[in-house]
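S.K.: Can you keep this structure in mind? I'll have questions shortly.
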Amino acid sequence: MSEAVIEYIGGPLLRARTEGPFGLYESVAIGEERLLGEVVRLDGDHITVQVYEDTTGLAPGRRLAGTGRPLSIPLGPGVLGGMYDGLLRPLDGFDSPFIPRGSFRERDQAYRFTPSVAVGERLSPGAVLGAAEREGAMDQQVLLPPDVDGEVVEIAPAGEYREAEVICRIENARGERREVAARQDWPVRIARPLARRLPVDEPLITGQRVIDSLFPVGLGGKAAVPGGFGTGKTVLLETLARWCSADVIIYVGCGERGNELTGMLEEFPGLVDPRSGRSLMERTVIIANTSNMPVAAREASIYTAVTLAEYYRDQGLHVALMADSTSRWAEALREISGRLGELPGEAGYPAYLSSRLADFYERAAKGETLAGKVGSVTVMGTVSPPAGDFSEPVTSHTKRYVRSFWALDARRAQARMYPAINPLQSYAEETSRLAAWWQARGNSDWPRLRRATLELLEEQTRLERMARIIGKDALPFGQQMRLLAAELLNDAFLRQSAFSENDRYASPERQTVMLRLLIRFADLAQQAVARGVTPAEITGLRIYRRLQRMGEDLPPDDLAAYQALGEDMERELQALAEEVTA
Amino acid sequence: MSHGITSLRSRIYLEGAAERLEGPLLFLKRLAEVTLNEAVYVEDASGRQRLGRIASIDEAHMTVEVLEATMGLNLEEIRLNLTGRPLEFGVGPGLLGRIFNGVGEVIDGGPPVAARRQLAIGGLPVNPVQRETPRDFIETGVSTVDIMNSLVRGQKLPLFSGGGLPHDRLAADIAVNARLRQSDEDFAIVFVGIGLPYDSAEYFRHRLEESGALERTVLFLNLASDSSTQRLLTPRYALTAAEYLAFEEGMHVLVIITDMTNYCEALREVSSSLGEIPSRKGYPGYMYSDLATLYERAGRVHGRAGTLTQLPILTMPADDIGHPIPDLTGYITEGQIVLDRELDRQGLYPPVKVLPSLSRLMKDGTGGDYTHPDHPALANQLYAAYARAQQARLLASVVGDDGLAEEDRQFLAFARRFEHDYVAQAERRSLEASMALGWELLRELPRTALNRLSDAQIAQYIDGEGG
Ligand SMILES: Nc1ncnc2c1ncn2[C@@H]1O[C@H](COP(=O)(O)OP(=O)(O)OP(=O)(O)O)[C@@H](O)[C@H]1O
Ligand SMILES: [Mg+2]
């Protein structure tokens with residue numbers, strides 16, 4: 001392989017004079033410690049390299065060597081259930097509490113292979129070779145790489161193997177032989193192929209009422225969560241990582257706090273996935289590139305995560321990718337671009353910020369895999385706008401590429417109204433495609449309920465504005481009642497504590513009954529007021545408080561309890577109305 | 001002079017290499033093999049040595065960031081001593097009770113500290129796999145902190161303050177009063193003054209001395225008159241000492257850093273003299289990552305007895321919480337305690353502005369296992385009620401108190417009492433006292449407004465008058 005001599009070092013970048021050819025995005029090994037780097041610029045006989053570890057101690061005159069391959073990560077059945085850095089290098093197994101430079105080791109896990117093909121079989125690219133099982137991870141498959149096909153010449157019998165061990169030999173039509181192991185490298189900046197894309201027509205169920213019922217994201221869709229510091233982005237993504245309906249969770253902590261990832265690693269193994277009955281960690285991968293880790297690896301971590309997500313998708317799984325925070329990734333781009341001396345654009349970000357964001361979100365998809373199965377990657381990214389101002393470049397460009405936008409609001413967060421998703425600033429496109437799914441779950445009027453809810457919330461803002469001018473008491477009773485019904489909707493439906501055992505997850509069925517109850521309440525209360533009941537009499541009813549607290553007070557799976565609540569509501573309001581007319 | 005770096009065996013001297021001196025930056029020809037971030041000494045004709053660091057290198061040139069005043073240096077006479085090592089600090093148990101300047105030199109007149117280890121001051125990132133979630137509740141005696149924004153051992157919780165607000169007093173109060181429940185273990189305190197006026201440094205020293213805490217305190221003082229390049233290193237020396245005390249000596253260390261705003265100003269100044277492209281308000285684009293390399297040096301790690309808690313103080317320029325300094329800090333730390341000029345003007349101490357304050361680790365260190373099972377609900381209800389009261393205030397400012405509905409008037413009364421009797425406090429309150437007072441305030445609100453409390457909690461604390 002080609003070599004080069006370092007001439008200049010500044011921060012995470014170095015420049016070197018080459019003694020042979022290098023390719024753009026080729027990965028390189030630097031110095032005796034063989035630190036990982038990637039060629040980011042070619043310039044005559046010079047290359048610029050971005051270094052994925054701290055450059056302290058490097059000096060001009062030291063050598064680096066090319067690898068002849070683009071920057072890649074080793075995919076394989078050994079990944080699931082663990083925590084890795086931004087280049088998928090395992091973070092466990094260190095003695096020290098710190099991460100010393102140049103000390104990563106290769107992953108080569110043992111797993112149990114059970115072949116599903118036989119010698120002589122002709123296989124197309126991406127075909128299934130067999131099953132892979134491992135302690136501490138859900139069951140997976142071993143696939144042929146997307147660029148390999150041909151006839152099986154040799155296949156390993158069922159048994160224990162290491163990921164790097166060859167388990168299959170295959171010969172293509174030109175007589176070329178390839179050896180295949182379960183561990184397969186894939187370049188992070190290149191999307192893995194699908195046979196074809198499929199429409200996004202099924203929701204990812206998150207158990208969060210405001211999301212599933214009002215601003216859903218589809219399987220294979222993309223969502224952004226912008227919000228100032230402390231508004232609840234991380235808690236929201238972590239909650240989705242715990243309870244959402246995906247088969248596999250890839251959580252990438254990109255330039256955020258170490259403790260948050262530690263928290264997941266402590267908590268997830270002890271939580272049980274309600275659908276599989278197995279530990280949540282078995283379906284989860286955590287990519288940790290915390291704020292104090294090398295900034296170049298932060299830039300790469302997003303691509304690592306999405307490549308990994310596609311790898312599971314290709315096995316016919318539904319994958320949810322959570323990236324916290326895409327702003328830190330954009331800042332890493334900005335820092336590297338600045339050091340490369342590129343012309344700064346808006347707020348110092350490089351002009352290609354927008355296209356890089358598009359590339360990333362474009363890798364979210366639902367599709368038919370090469371092996372003929374259906375899988376998806378749903379991408380959800382947080383955005384951390386400076387001073388919480390959504391007009392800045394990362395938020396505004398992201399907005400162009402996502403279909404669901406969950407805007408977090410500092411005012412709501414300060415009042416401890418979590419999740420602080422502002423229903424008037426948030427949106428979800430193409431919800432009509434998801435209606436069929438709800439209909440199949442016994443909720444044929446999902447679109448109507450959704451519309452009624454959003455209308456009530458819009459009306460609330462209008463009425464509040466009016467009340468601020470003339471005083472709340474000066475509003476007619478009917479409008480006062482609408483305001484109260486909207487407040488109840490906020491309190492009882494939109495508010496959902498991530499830390500309440502009863503309320504942290506609401507099944508689609510429970511969401512439907514709750515929403516029906518509250519919309520019905522709004523109507524009944526309006527009718528009662530029309531018959532002469534005062535709003536104060538209504539909020540004084542026992543049922544009002546019971547509705548306020550139903551999420552926290554009623555057992556999560558007891559739909560009958562909600563039914564009973566609904567009957568009581570009808571009765572109490574009826575009685576009140578009769579009292580007044582009598 | 002006893003420098004932080006003591007283990008210099010073979011020194012290489014470079015002469016006649018200096019080409020240009022601009023403020024704290026010295027540009028030289030690269031006549032010898034050097035490495036990035038290597039510690040160097042810049043020596044003048046008199047033999048006086050100034051500590052520096054190799055900031056960038058290419059084939060022919062290198063830049064040294066000089067960490068002490070460069071006034072009086074003469075290009076022809078400069079000799080550069082290369083140490084071959086990064087900036088290091090010699091640490092040992094003898095750190096406690098000592099006073100250092102901003103680059104780890106003893107300035108209390110005593111002998112140098114016997115160093116057990118030489119540690120690179122930049123530190124290394126803590127491996128998230130090796131961390132442990134901070135959980136031990138610290139009782140500070142301040143109700144708005146203990147009940148509403150609880151601090152736990154290993155947390156990084158800054159004070160967002162403003163010029164002239166009593167942040168020094170509050171930080172000193174917390175340092176002196178903080179204790180665990182069911183334990184009388186004391187904190188070791190690392191106090192870090194960055195660009196500090198002499199009288200603030202004196203105030204802290206006095207408070208710590210008065211409470212008898214001085215012998216378990218390490219002070220690092222970078223004074224307002226010291227160079228700005230040095231300000232960037234002071235917290236790194238201090239955190240290196242703190243990490244050593246916490247993770248090797250097993251102590252519970254509370255690090256108070258004041259004022260982070262001076263640190264960020266120094267960062268801006270050095271970045272601009274390096275000719276870097278500025279980002280928001282002239283601060284460098286990497287300020288977030290740079291601050292993170294300080295703040296992330298807090299926490300707990302597996303298998304080590306000690307903890308490192310950080311209480312950084314910053315003054316928000318123009319009281320603007322959206323300014324890059326508080327903004328980027330808030331994006332890294334585990335919450336913030338915001339101080340309010342309006343409350344201070346009314347003579348209320350501590351003037352904690354409750355709504356924008358937050359402790360993210362509260363859920364891990366409160367509740368049945370740590371404080372009281374009903375503590376989280378109480379905190380939530382106080383927050384919800386006070387937020388609602390602010391809306392009523394807004395309304396009142398437009399339509400007047402008389403235009404308010406009865407319920408809104410109740411909220412106004414609640415807010416007044418909350419600020420005067422709960423936020424403000426003359427002396428330390430125990431957790432129990434803070435909780436009891438919190439329930440008492442809630443009793444003044446209409447029952448329909450208490451929707452964050454369960455029926456049982458209402459029966460016990462509101463109707464049952466404390467039960
Ligand atoms: N859904 C929720 N339920 C209960 N509490 C919540 C919820 N969301 C957020 N919180 C509270 O708000 C705090 C801040 O949330 P979080 O850490 O998610 O903010 P963030 O937006 O990620 O901030 P940053 O940008 O600084 O990382 C949490 O520590 C928690 O106390
Ligand atoms: Mg966060």
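Labels for the structure tokens follow display order: chains A, B, ..., residues from 1 in each chain, ligands from 1.
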So which residues are near ligand 2, meaning at most 8 Å away with only C-alpha atoms and all ligand atoms counted, given back as a list in words?

M.R.: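 Using only C-alpha atoms and all ligand atoms, I find these residues within 8 Å of ligand 2: Phe229, Gly230, Gly232, Lys233, Thr234, Val235, Glu256, Arg257, Asp324 and Ser325 of chain A; Tyr331 of chain B.
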
S.K.: Mind checking which residues fall within 9 Å of region 542-552 of chain A, counting only C-alpha atoms, ignoring those fewer than 2 positions away in the same chain, and posting them as a PyMOL selection string?

M.R.: (chain A and resi 488-489+491-493+496-497+500-504+506+514+517-518+538-540+554-556+562+565+568-569+572-573) or (chain B and resi 448+451-454)

S.K.: Using only C-alpha atoms and all ligand atoms, find each protein or nucleic acid residue lying at most 9 Å from ligand 1; present the set as a PDB file with C-alpha atoms, in the first residue's frame.

M.R.:
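This went into pocket-v1.pdb:
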```
ATOM      1  CA  GLN A 208     -46.217   8.412  22.947  1.00  0.00           C
ATOM      2  CA  VAL A 225     -36.807  16.779  17.247  1.00  0.00           C
ATOM      3  CA  PRO A 226     -35.575  20.356  17.582  1.00  0.00           C
ATOM      4  CA  GLY A 227     -35.440  22.095  20.958  1.00  0.00           C
ATOM      5  CA  GLY A 228     -33.263  24.266  23.174  1.00  0.00           C
ATOM      6  CA  PHE A 229     -31.267  22.761  25.991  1.00  0.00           C
ATOM      7  CA  GLY A 230     -33.256  20.921  28.598  1.00  0.00           C
ATOM      8  CA  THR A 231     -36.482  20.766  26.602  1.00  0.00           C
ATOM      9  CA  GLY A 232     -36.528  16.969  26.543  1.00  0.00           C
ATOM     10  CA  LYS A 233     -34.978  15.780  23.279  1.00  0.00           C
ATOM     11  CA  THR A 234     -32.865  13.079  24.835  1.00  0.00           C
ATOM     12  CA  VAL A 235     -35.544  11.809  27.186  1.00  0.00           C
ATOM     13  CA  LEU A 236     -37.927  11.575  24.236  1.00  0.00           C
ATOM     14  CA  LEU A 237     -35.515   9.615  22.050  1.00  0.00           C
ATOM     15  CA  GLU A 238     -34.610   7.336  24.929  1.00  0.00           C
ATOM     16  CA  THR A 239     -38.273   6.705  25.617  1.00  0.00           C
ATOM     17  CA  GLU A 256     -23.591  14.576  23.805  1.00  0.00           C
ATOM     18  CA  ARG A 257     -23.128  13.549  27.437  1.00  0.00           C
ATOM     19  CA  GLU A 260     -26.785   9.614  29.225  1.00  0.00           C
ATOM     20  CA  ASP A 324     -28.720  12.756  19.376  1.00  0.00           C
ATOM     21  CA  SER A 325     -27.702  15.348  18.283  1.00  0.00           C
ATOM     22  CA  THR A 382     -32.536  15.746  17.473  1.00  0.00           C
ATOM     23  CA  VAL A 383     -31.502  19.277  16.592  1.00  0.00           C
ATOM     24  CA  SER A 384     -29.970  21.614  19.186  1.00  0.00           C
ATOM     25  CA  PRO A 385     -30.438  25.114  17.804  1.00  0.00           C
ATOM     26  CA  LEU A 408     -40.033  21.138  21.611  1.00  0.00           C
ATOM     27  CA  ALA A 413     -40.706  22.259  29.485  1.00  0.00           C
ATOM     28  CA  GLN A 414     -40.417  24.911  32.186  1.00  0.00           C
ATOM     29  CA  ARG A 416     -42.896  20.464  33.423  1.00  0.00           C
ATOM     30  CA  MET A 417     -45.468  19.689  30.697  1.00  0.00           C
ATOM     31  CA  TYR A 418     -43.584  16.754  29.170  1.00  0.00           C
ATOM     32  CA  PRO A 419     -43.108  15.747  26.444  1.00  0.00           C
ATOM     33  CA  ALA A 420     -42.840  19.436  25.572  1.00  0.00           C
ATOM     34  CA  ARG A 495     -48.750  15.306  28.829  1.00  0.00           C
ATOM     35  CA  GLN A 496     -47.179  11.913  29.403  1.00  0.00           C
ATOM     36  CA  SER A 497     -44.411  11.388  31.890  1.00  0.00           C
ATOM     37  CA  ALA A 498     -41.581   9.216  30.675  1.00  0.00           C
ATOM     38  CA  PHE A 499     -40.972   8.203  34.282  1.00  0.00           C
ATOM     39  CA  SER A 500     -44.478   7.112  35.257  1.00  0.00           C
ATOM     40  CA  ARG A 504     -44.788   5.942  29.937  1.00  0.00           C
TER      41      ARG A 504
ATOM     42  CA  LEU B 328     -23.396  26.041  25.092  1.00  0.00           C
ATOM     43  CA  THR B 329     -22.883  25.339  28.781  1.00  0.00           C
ATOM     44  CA  GLY B 330     -26.526  24.382  29.210  1.00  0.00           C
ATOM     45  CA  TYR B 331     -26.208  21.989  26.278  1.00  0.00           C
ATOM     46  CA  ILE B 332     -23.400  20.150  28.094  1.00  0.00           C
ATOM     47  CA  THR B 333     -24.126  20.305  31.804  1.00  0.00           C
ATOM     48  CA  GLU B 334     -26.744  18.287  33.625  1.00  0.00           C
ATOM     49  CA  GLY B 335     -29.039  21.220  34.251  1.00  0.00           C
ATOM     50  CA  LEU B 358     -33.339  22.342  35.926  1.00  0.00           C
ATOM     51  CA  SER B 359     -31.552  19.344  37.315  1.00  0.00           C
ATOM     52  CA  ARG B 360     -31.509  16.478  34.877  1.00  0.00           C
ATOM     53  CA  LEU B 361     -30.208  13.966  37.349  1.00  0.00           C
ATOM     54  CA  MET B 362     -33.038  14.608  39.747  1.00  0.00           C
ATOM     55  CA  LYS B 363     -34.914  11.502  38.638  1.00  0.00           C
TER      56      LYS B 363
END
```

S.K.: Could you list, as JSON, numbers by chain, the residues of chain A having an atom within 7 Å of chain B when counting only C-alpha atoms?

M.R.: {"A": [7, 8, 9, 10, 56, 57, 58, 59, 60, 91, 92, 97, 98, 99, 100, 229, 257, 258, 259, 261, 262, 263, 291, 292, 293, 335, 338, 347, 348, 386, 387, 414, 415, 416, 468, 469, 470, 471, 472, 473, 545, 548, 549]}

S.K.: So that I can check the surroundings of Phe418 (chain B), please list as number ranges by chain every protein, DNA and RNA residue that reaches within 10 Å of it, counting only C-alpha atoms and ignoring chain neighbours fewer than 4 positions away.

M.R.: B: 382, 386, 412-414, 422-424, 437-438, 441-442

S.K.: Give me, please, the distance in Å between CA of Val91 (chain B) and CA of Ile174 (chain B), quoted to one decimal.

M.R.: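 Atom-to-atom, CA of Val91 (chain B) to CA of Ile174 (chain B), that is 26.1 Å.
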
S.K.: Taking only C-alpha atoms into account, which of A:Gly175, A:Gly93, A:Gly82, A:Gly68 comes nearest Ile286 (chain A)?

M.R.: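 Using only C-alpha atoms, Ile286 (chain A) sits closest to A:Gly82.
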
S.K.: What lies within 7 Å of region 32-46 of chain A using only C-alpha atoms, ignoring chain neighbours under 4 positions off, as a ChimeraX atom specification?

M.R.: /A:15-18,24-28,50-53,71,102

S.K.: Could you dump the residues just selected with C-alpha atoms as an mmCIF file, in the first residue's frame?

M.R.:
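So selection.cif came out as:
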```cif
data_model
loop_
_atom_site.group_PDB
_atom_site.id
_atom_site.type_symbol
_atom_site.label_atom_id
_atom_site.label_comp_id
_atom_site.auth_asym_id
_atom_site.auth_seq_id
_atom_site.Cartn_x
_atom_site.Cartn_y
_atom_site.Cartn_z
ATOM 1 C CA ARG A 15 -1.328 17.035 5.756
ATOM 2 C CA ALA A 16 1.094 14.560 4.298
ATOM 3 C CA ARG A 17 3.302 14.242 1.212
ATOM 4 C CA THR A 18 2.477 11.048 -0.636
ATOM 5 C CA LEU A 24 -10.463 9.953 -1.601
ATOM 6 C CA TYR A 25 -12.083 8.586 1.613
ATOM 7 C CA GLU A 26 -9.424 5.883 1.805
ATOM 8 C CA SER A 27 -8.740 4.851 5.375
ATOM 9 C CA VAL A 28 -5.164 5.125 6.610
ATOM 10 C CA GLN A 50 -8.938 13.538 9.168
ATOM 11 C CA VAL A 51 -7.800 11.660 12.249
ATOM 12 C CA TYR A 52 -10.257 9.704 14.382
ATOM 13 C CA GLU A 53 -8.225 9.984 17.560
ATOM 14 C CA LEU A 71 -13.359 3.969 5.529
ATOM 15 C CA GLY A 102 -4.674 3.880 19.902
#
```

S.K.: If you run DSSP on the backbone, which residues of region 355-525 of chain A are strand (DSSP E), as a ChimeraX atom specification?

M.R.: /A:365-368,374-383,404-405,427-428

S.K.: Export, as an mmCIF file, in the first residue's frame, the selected residues with N, CA, C and O atoms.

M.R.:
```
data_model
loop_
_atom_site.group_PDB
_atom_site.id
_atom_site.type_symbol
_atom_site.label_atom_id
_atom_site.label_comp_id
_atom_site.auth_asym_id
_atom_site.auth_seq_id
_atom_site.Cartn_x
_atom_site.Cartn_y
_atom_site.Cartn_z
ATOM 1 N N ALA A 365 -35.583 4.459 4.866
ATOM 2 C CA ALA A 365 -36.416 3.894 3.800
ATOM 3 C C ALA A 365 -37.114 2.644 4.286
ATOM 4 O O ALA A 365 -36.672 1.974 5.223
ATOM 5 N N LYS A 366 -38.227 2.359 3.637
ATOM 6 C CA LYS A 366 -38.805 1.042 3.763
ATOM 7 C C LYS A 366 -38.604 0.390 2.403
ATOM 8 O O LYS A 366 -38.744 1.066 1.376
ATOM 9 N N GLY A 367 -38.249 -0.872 2.380
ATOM 10 C CA GLY A 367 -37.997 -1.449 1.069
ATOM 11 C C GLY A 367 -37.981 -2.952 1.083
ATOM 12 O O GLY A 367 -38.044 -3.597 2.140
ATOM 13 N N GLU A 368 -37.906 -3.469 -0.149
ATOM 14 C CA GLU A 368 -37.740 -4.895 -0.306
ATOM 15 C C GLU A 368 -36.248 -5.154 -0.394
ATOM 16 O O GLU A 368 -35.535 -4.529 -1.168
ATOM 17 N N VAL A 374 -39.129 -7.660 3.576
ATOM 18 C CA VAL A 374 -39.420 -6.252 3.796
ATOM 19 C C VAL A 374 -38.727 -5.797 5.074
ATOM 20 O O VAL A 374 -38.838 -6.437 6.117
ATOM 21 N N GLY A 375 -37.996 -4.715 4.959
ATOM 22 C CA GLY A 375 -37.331 -4.141 6.126
ATOM 23 C C GLY A 375 -37.390 -2.635 6.036
ATOM 24 O O GLY A 375 -37.790 -2.083 5.001
ATOM 25 N N SER A 376 -37.022 -1.967 7.115
ATOM 26 C CA SER A 376 -37.059 -0.506 7.054
ATOM 27 C C SER A 376 -36.042 0.094 8.003
ATOM 28 O O SER A 376 -35.612 -0.540 8.965
ATOM 29 N N VAL A 377 -35.664 1.321 7.688
ATOM 30 C CA VAL A 377 -34.860 2.145 8.601
ATOM 31 C C VAL A 377 -35.639 3.435 8.820
ATOM 32 O O VAL A 377 -35.923 4.165 7.870
ATOM 33 N N THR A 378 -36.013 3.689 10.070
ATOM 34 C CA THR A 378 -36.675 4.938 10.421
ATOM 35 C C THR A 378 -35.642 5.800 11.124
ATOM 36 O O THR A 378 -34.977 5.331 12.044
ATOM 37 N N VAL A 379 -35.482 7.025 10.674
ATOM 38 C CA VAL A 379 -34.459 7.891 11.261
ATOM 39 C C VAL A 379 -35.105 9.002 12.070
ATOM 40 O O VAL A 379 -36.015 9.686 11.597
ATOM 41 N N MET A 380 -34.647 9.162 13.310
ATOM 42 C CA MET A 380 -35.112 10.255 14.145
ATOM 43 C C MET A 380 -33.906 10.998 14.684
ATOM 44 O O MET A 380 -33.044 10.397 15.319
ATOM 45 N N GLY A 381 -33.810 12.283 14.406
ATOM 46 C CA GLY A 381 -32.642 13.038 14.844
ATOM 47 C C GLY A 381 -33.042 14.241 15.676
ATOM 48 O O GLY A 381 -34.048 14.892 15.387
ATOM 49 N N THR A 382 -32.281 14.519 16.725
ATOM 50 C CA THR A 382 -32.536 15.746 17.473
ATOM 51 C C THR A 382 -31.734 16.875 16.840
ATOM 52 O O THR A 382 -30.721 16.654 16.196
ATOM 53 N N VAL A 383 -32.220 18.091 17.034
ATOM 54 C CA VAL A 383 -31.502 19.277 16.592
ATOM 55 C C VAL A 383 -31.385 20.193 17.798
ATOM 56 O O VAL A 383 -32.362 20.378 18.525
ATOM 57 N N SER A 404 -41.696 14.262 9.611
ATOM 58 C CA SER A 404 -42.347 14.519 10.898
ATOM 59 C C SER A 404 -41.443 15.462 11.672
ATOM 60 O O SER A 404 -40.219 15.294 11.682
ATOM 61 N N PHE A 405 -42.061 16.441 12.287
ATOM 62 C CA PHE A 405 -41.310 17.497 12.955
ATOM 63 C C PHE A 405 -41.909 17.662 14.342
ATOM 64 O O PHE A 405 -43.059 18.048 14.483
ATOM 65 N N TYR A 427 -45.540 18.974 13.013
ATOM 66 C CA TYR A 427 -46.363 18.463 11.921
ATOM 67 C C TYR A 427 -45.924 17.070 11.516
ATOM 68 O O TYR A 427 -44.841 16.608 11.871
ATOM 69 N N ALA A 428 -46.802 16.407 10.800
ATOM 70 C CA ALA A 428 -46.449 15.140 10.170
ATOM 71 C C ALA A 428 -47.101 15.162 8.803
ATOM 72 O O ALA A 428 -48.276 15.499 8.681
#
```

S.K.: Write down as a ChimeraX atom specification the residues of region 60-249 of chain B whose backbone DSSP state falls under helix (DSSP H, G or I).

M.R.: /B:75-77,93-95,128-130,143-146,167-177,198-210,214-216,228-231,234-248

S.K.: With only C-alpha atoms as the atoms that count, which of A:Arg403, A:Lys222, A:Arg298, A:His397 lies nearest to Val319 (chain A)?

M.R.: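 Among the listed residues, A:Lys222 lies closest to Val319 (chain A).
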